[in-house]
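First up is the structure itself, then whatever we jot down about it.
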Amino acid sequence: MQTAQAVQSAVNLWPLIGVAVIIGGFVLRQNPVMVVIIAAIATGLAAAMPIEKILISLGTGFIKTRNLPLILLLPLGVIGLLERYGLKEQAQILIAKIKSATAGRLLIVYLFVREITAALGLISLGGHPQMVRPLIAPMAEGATENRYGSIPDKLMYKIRAMSAATDNVGLFFGEDIFVAFGAIVLMQTILRGSGIEVNPLHMALWGLPTAICAFIIHAFRLYRFDGEIERELGSQKIADDATKGEII
Amino acid sequence: MNSTILPLDYFFILLGVSLAVISLMSFRDQGNPRRIATGSFWALYATVFLVGDRLLPLVVGIIVVVMALIAGLGGVSLGKYHLFTPEERHNSALKLGNRLLYPALIIPFTTMIGSVLFQKTKIGGKFLLDQKNFTLVSLGVGCIVALVVACRFTKSTPVQAMRESRRLIDSMGWAVVLPQMLAVLGLLFMDAGVGKAVANVTTTYIPMDLKFVAVTVFCLGMATFTMIMGNAFAAFPVMAGGVAIPILVGVFHGNPAIVAAIGMFSGYCGTLMTPMAANFNIVPAALLELPDKNDVIKVQIFTALPLLAVNICLMYLLMNAF
């Protein structure tokens with residue numbers, strides 16, 4: 001590995017201080033926003049940038065990335081308003097009508113739909129502010145409440161976390177088999193830079209085995225999650241009695 | 001920008017105005033113990049959206065640092081919100097029924113229809129949607145349509161929607177700005193050559209004469225690097241240049257399409273495990289009001305690790321088979 005050693009002498013390792021600050025900050029559970037800014041300043045200093053230049057590049061970057069929070073913040077007004085008037089409750093009323101629904105089964109269906117639609121390029125059909133908070137998580141909680149009555153907080157948090165995780169897994173491993181997705185374009189550009197021509201369709205196709213495995217692994221975990229809920233709450237299971245049915 | 005009827009800038013203004021109103025509401029909220037700090041935080045953020053591109057980058061940089069200080073010192077705090085009781089919400093749900101659902105579904109469907117059908121639509125020689133951001137613009141339009149419908153169904157007002165917006169934004173607190181701060185850090189990392197340094201460390205000290213070792217280094221490297229940078233897109237150029245192209249393709253003659261595709265997916269396994277991918281992991285935890293901001297990551301690790309192992313095996317088995 002002579003070449004690698006030759007490269008080593010040319011590469012400045014000091015900027016790794018930024019990485020160390022990030023890891024240290026997260027391990028010590030400091031406020032992430034603060035950690036990130038300190039890491040940015042440390043990295044800049046390590047790369048011998050004057051403070052003024054660091055601030056300028058922070059400012060330029062912040063303006064350049066203004067489109068990032070739009071997808072999170074724009075829907076909040078509508079979602080909040082609907083929540084005020086009972087959107088979550090309505091989602092739970094709907095799921096109560098499906099007697100066989102459990103948190104795990106519901107999320108497996110959502111995983112499937114999310115992955116397929118993302119693979120077709122329809123990534124905006126899901127998402128945390130628009131789908132998970134107002135609909136998916138309340139439905140998963142509702143399906144569990146309908147079977148077992150009240151849920152202890154700890155389990156409720158896990159159901160919510162699982163709902164968010166399902167959205168992520170479906171999105172990540174679905175979108176990469178969509179040919180026009182940015183990742184495919186990026187890989188093609190990088191490989192082309194090294195003189196390797198690759199058909200984007202082939203890269204999308206070779207994403208399929210992983211996409212299928214991702215579905216199997218996560219769906220299996222969701223299936224087991226139902227078992228976990230059953231073990232924890234099984235003793236307080238509500239029989240299919242009329243009382244619960246009539247309230248709803 | 002003049003060639004577009006609906007440029008993204010309109011939505012920056014809309015968000016800026018909303019944040020300014022939220023900031024005012026925070027300043028006036030006696031129920032918030034840190035109302036001045038909270039109000040200032042959102043006022044600074046509003047400034048970035050309203051006039052950000054007309055300010056000197058140095059001024060914006062100072063705003064960013066001040067916002068980080070307010071957040072770091074616990075200045076972004078919860079206020080008082082006049083909520084309906086659970087009974088009132090339940091009764092309202094019984095009364096309104098599925099009319100509550102339709103506005104929520106308008107957002108994703110308008111986004112989809114807008115970005116698929118109207119992407120290239122021109123009216124009077126101008127594009128209808130911002131060509132670089134047609135998905136975001138469609139989302140913005142969807143939110144406005146949904147808001148009008150929601151106000152009509154619930155007989156409520158946009159001002160009430162603004163109050164609800166504040167409730168949700170406050171419940172997320174500083175997590176709202178974290179994805180953007182991380183993106184800025186990513187840009188700075190790139191300028192400072194962090195990528196090269198990490199690739200150098202990984203490739204210098206590990207002997208990659210065995211195919212299985214080389215495959216493992218590439219896949220684990222993609223995952224680890226993604227965890228550090230918070231983004232598989234930042235990891236790919238570095239790891240591809242350091243390991244995949246010279247060694248997996250160059251020495252072991254692997255099929256580049258397979259190596260690239262599975263390598264990128266290994267990066268995604270990293271995305272599932274890192275707080276640096278804040279918009280996928282930290283923001284949802286805040287949005288779902290989970291007590292620990294790492295709760296979503298803790299759940300995802302057990303999907304990500306087996307999948308990473310599967311990726312290593314798949315790449316090892318497939319890359320020379322086709």
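Scheme for the structure tokens: letters A, B, ... for chains in order shown; per-chain residue numbers from 1; ligand numbers from 1 in order shown.
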Q: Might you pull out every residue within 12 Å of Arg105 (chain A), with only C-alpha atoms counted and same-chain residues fewer than 4 positions away left off, and present them as a PyMOL selection string?
A: chain A and resi 95+98-101+109-112+136+139-140+143-144+163+166+218-227
Q. Can you list, as a list in words, every protein, DNA or RNA residue that comes within 6 Å of region 271-275 of chain B when you count only C-alpha atoms, leaving out same-chain residues fewer than 2 positions away?
A.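 Skipping anything fewer than 2 positions along the chain leaves Met227, Tyr268, Cys269, Ala277, Ala278, Ile297, Gln300 and Ile301 of chain B.
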(Q) Nearest residue to Gly124 (chain B) out of B:Ala93, B:Ala261, B:Val64, B:Ile5, using only C-alpha atoms? (A) B:Ile5
Q. Contacts of region 170-176 of chain A at 6 Å or less, counting only C-alpha atoms, minus same-chain residues fewer than 3 places along, as an NGL selection string?
A. :A and (111 or 114-115 or 118-119 or 167 or 211)
Hey, can you spit out that residue selection with N, CA, C and O atoms as a compact mmCIF listing (two decimals), in the first residue's frame?
```txt
# COMPACT_ATOMS: atom_id res chain seq x y z
N LEU A 111 -45.75 -0.22 5.62
CA LEU A 111 -44.39 -0.43 5.09
C LEU A 111 -44.45 -0.82 3.62
O LEU A 111 -43.72 -0.29 2.79
N ARG A 114 -45.69 2.16 1.50
CA ARG A 114 -44.67 3.21 1.47
C ARG A 114 -43.52 2.81 0.55
O ARG A 114 -43.01 3.62 -0.22
N GLU A 115 -43.09 1.54 0.64
CA GLU A 115 -41.94 1.12 -0.16
C GLU A 115 -42.30 1.08 -1.65
O GLU A 115 -41.53 1.54 -2.49
N ALA A 118 -42.78 4.64 -3.00
CA ALA A 118 -41.49 5.32 -3.11
C ALA A 118 -40.72 4.78 -4.32
O ALA A 118 -40.06 5.53 -5.03
N ALA A 119 -40.83 3.48 -4.56
CA ALA A 119 -40.14 2.88 -5.70
C ALA A 119 -40.70 3.42 -7.02
O ALA A 119 -40.02 3.43 -8.03
N ASP A 167 -41.89 4.29 8.46
CA ASP A 167 -41.90 5.27 7.37
C ASP A 167 -40.50 5.41 6.77
O ASP A 167 -40.34 5.40 5.55
N ALA A 211 -33.78 -4.18 -1.23
CA ALA A 211 -35.11 -3.63 -0.95
C ALA A 211 -36.03 -4.74 -0.43
O ALA A 211 -36.79 -4.53 0.52
```
I'd like the neighbourhood of region 210-221 of chain B as a compact mmCIF listing (two decimals) with C-alpha atoms, in the first residue's frame, where a residue qualifies if any of its atoms comes within 9 Å (using only C-alpha atoms), though same-chain residues fewer than 3 positions away should be ignored.
```txt
# COMPACT_ATOMS: atom_id res chain seq x y z
CA ALA B 199 -11.21 7.88 3.82
CA THR B 202 -9.92 3.82 6.85
CA THR B 203 -7.99 2.79 3.76
CA ILE B 206 -6.75 -1.98 6.91
CA PRO B 207 -5.20 -4.59 4.56
CA THR B 224 -19.99 4.63 9.43
CA PHE B 225 -19.20 7.55 7.18
CA THR B 226 -22.93 8.15 6.66
CA ALA B 235 -20.26 9.29 1.98
CA MET B 239 -15.83 5.66 -0.18
CA ALA B 240 -16.29 4.95 -3.89
CA GLY B 242 -11.21 5.24 -1.77
CA VAL B 243 -12.34 1.61 -1.83
CA ALA B 244 -15.02 0.67 -4.37
CA ILE B 247 -10.17 -2.14 -5.12
CA LEU B 248 -13.61 -3.77 -5.59
CA PHE B 252 -11.50 -7.83 -7.77
CA VAL B 259 -21.14 -2.52 -5.96
CA ILE B 262 -25.59 -2.16 -2.56
CA GLY B 263 -22.95 0.27 -1.27
CA MET B 264 -25.46 3.12 -1.30
CA PHE B 265 -27.96 0.95 0.59
CA SER B 266 -25.27 0.19 3.20
CA GLY B 267 -25.04 3.94 3.65
CA GLY B 270 -26.07 4.11 8.59
CA LEU B 308 -26.12 -4.25 6.80
CA ALA B 309 -24.94 -7.85 7.27
CA ASN B 311 -25.79 -6.20 2.23
CA ILE B 312 -22.24 -7.42 2.84
CA CYS B 313 -23.22 -10.98 1.94
CA MET B 315 -22.36 -7.81 -2.46
CA TYR B 316 -19.84 -10.58 -1.82
```
(Q) With only C-alpha atoms as the counted atoms, please give the residues lying no more than 9 Å from Gly97 (chain B), apart from itself and same-chain residues fewer than 2 positions off, as a ChimeraX atom specification. (A) /A:86-87,90,93 /B:92-95,99-101
Write the residues of the preceding selection, restricted to N, CA and C atoms, as a JSON list (two decimals), in the first residue's frame.
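File result.json, as written:
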```json
[["chain", "number", "residue", "atom", "x", "y", "z"],
["A", 86, "GLY", "N", -60.00, 16.95, 16.37],
["A", 86, "GLY", "CA", -60.19, 15.51, 16.56],
["A", 86, "GLY", "C", -59.68, 14.60, 15.46],
["A", 87, "LEU", "N", -58.66, 15.02, 14.69],
["A", 87, "LEU", "CA", -58.14, 14.15, 13.63],
["A", 87, "LEU", "C", -57.62, 12.82, 14.17],
["A", 90, "GLN", "N", -60.42, 10.64, 15.15],
["A", 90, "GLN", "CA", -61.10, 10.08, 13.99],
["A", 90, "GLN", "C", -60.30, 8.91, 13.41],
["A", 93, "ILE", "N", -61.06, 6.04, 15.55],
["A", 93, "ILE", "CA", -62.41, 5.52, 15.33],
["A", 93, "ILE", "C", -62.42, 4.64, 14.08],
["B", 92, "SER", "N", -66.10, 16.27, 18.69],
["B", 92, "SER", "CA", -65.87, 16.95, 17.42],
["B", 92, "SER", "C", -65.56, 15.93, 16.32],
["B", 93, "ALA", "N", -64.79, 14.89, 16.69],
["B", 93, "ALA", "CA", -64.47, 13.85, 15.70],
["B", 93, "ALA", "C", -65.75, 13.13, 15.27],
["B", 94, "LEU", "N", -66.64, 12.86, 16.24],
["B", 94, "LEU", "CA", -67.90, 12.18, 15.89],
["B", 94, "LEU", "C", -68.74, 13.06, 14.96],
["B", 95, "LYS", "N", -68.70, 14.38, 15.21],
["B", 95, "LYS", "CA", -69.51, 15.30, 14.42],
["B", 95, "LYS", "C", -68.94, 15.46, 13.00],
["B", 99, "ARG", "N", -64.56, 14.21, 7.36],
["B", 99, "ARG", "CA", -64.20, 15.53, 6.87],
["B", 99, "ARG", "C", -62.89, 16.01, 7.50],
["B", 100, "LEU", "N", -62.51, 15.38, 8.62],
["B", 100, "LEU", "CA", -61.21, 15.71, 9.23],
["B", 100, "LEU", "C", -60.06, 15.12, 8.44],
["B", 101, "LEU", "N", -60.36, 13.99, 7.78],
["B", 101, "LEU", "CA", -59.31, 13.25, 7.08],
["B", 101, "LEU", "C", -58.94, 13.89, 5.75]]
```
Q | Nearest to chain B by atom-to-atom distance, counting only C-alpha atoms, from A:Gly127, A:Gly59, A:Pro138, A:Gly121 | A |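 Going through A:Gly127, A:Gly59, A:Pro138, A:Gly121 one by one, the smallest distance to chain B is for A:Gly59.
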Q | Shell around Ile36 (chain B) at 12 Å using only C-alpha atoms, local window under 6 positions removed, as a PyMOL selection string | A | chain B and resi 23-30+42-43+70+75-79
Q.
Neighbouring residues of region 164-170 of chain B were defined as those with any atom within 6 Å, considering only C-alpha atoms; residues of the same chain fewer than 3 positions away were excluded. Please report them as a ChimeraX atom specification.
A. /A:76-77,80-81 /B:22,78,161,173
Next, the residues of the selection above should be written as a short mmCIF file (atom, residue, chain, number, x, y, z; two decimals), in the first residue's frame with all heavy atoms.
```
data_model
loop_
_atom_site.label_atom_id
_atom_site.label_comp_id
_atom_site.auth_asym_id
_atom_site.auth_seq_id
_atom_site.Cartn_x
_atom_site.Cartn_y
_atom_site.Cartn_z
N LEU A 76 -47.69 22.13 9.13
CA LEU A 76 -48.03 22.09 10.56
C LEU A 76 -49.33 22.81 10.89
O LEU A 76 -50.10 22.36 11.74
CB LEU A 76 -46.89 22.68 11.40
CG LEU A 76 -45.63 21.85 11.51
CD1 LEU A 76 -44.65 22.49 12.47
CD2 LEU A 76 -45.95 20.44 11.97
N GLY A 77 -49.61 23.93 10.22
CA GLY A 77 -50.82 24.69 10.51
C GLY A 77 -52.07 23.84 10.30
O GLY A 77 -52.93 23.75 11.19
N GLY A 80 -52.14 20.78 12.72
CA GLY A 80 -52.48 21.22 14.07
C GLY A 80 -53.96 21.55 14.21
O GLY A 80 -54.61 21.17 15.18
N LEU A 81 -54.49 22.24 13.20
CA LEU A 81 -55.90 22.62 13.22
C LEU A 81 -56.79 21.38 13.23
O LEU A 81 -57.75 21.28 14.01
CB LEU A 81 -56.20 23.49 11.99
CG LEU A 81 -57.52 24.25 11.99
CD1 LEU A 81 -57.53 25.25 13.13
CD2 LEU A 81 -57.72 24.97 10.66
N ILE B 22 -45.67 33.61 14.98
CA ILE B 22 -45.41 32.67 16.08
C ILE B 22 -44.49 33.32 17.11
O ILE B 22 -44.69 33.19 18.32
CB ILE B 22 -44.79 31.37 15.52
CG1 ILE B 22 -45.88 30.58 14.81
CG2 ILE B 22 -44.13 30.54 16.62
CD1 ILE B 22 -45.37 29.42 13.99
N LEU B 78 -41.55 25.69 26.16
CA LEU B 78 -42.97 25.49 25.87
C LEU B 78 -43.80 26.63 26.46
O LEU B 78 -43.47 27.17 27.51
CB LEU B 78 -43.45 24.17 26.45
CG LEU B 78 -42.96 22.90 25.75
CD1 LEU B 78 -43.42 21.69 26.52
CD2 LEU B 78 -43.47 22.86 24.32
N ALA B 161 -55.12 28.35 13.01
CA ALA B 161 -54.11 27.45 12.42
C ALA B 161 -52.71 27.89 12.82
O ALA B 161 -51.83 27.07 13.10
CB ALA B 161 -54.26 27.42 10.91
N GLY B 173 -39.37 22.35 19.31
CA GLY B 173 -38.30 23.22 19.83
C GLY B 173 -37.12 23.32 18.88
O GLY B 173 -37.30 23.44 17.66
#
```
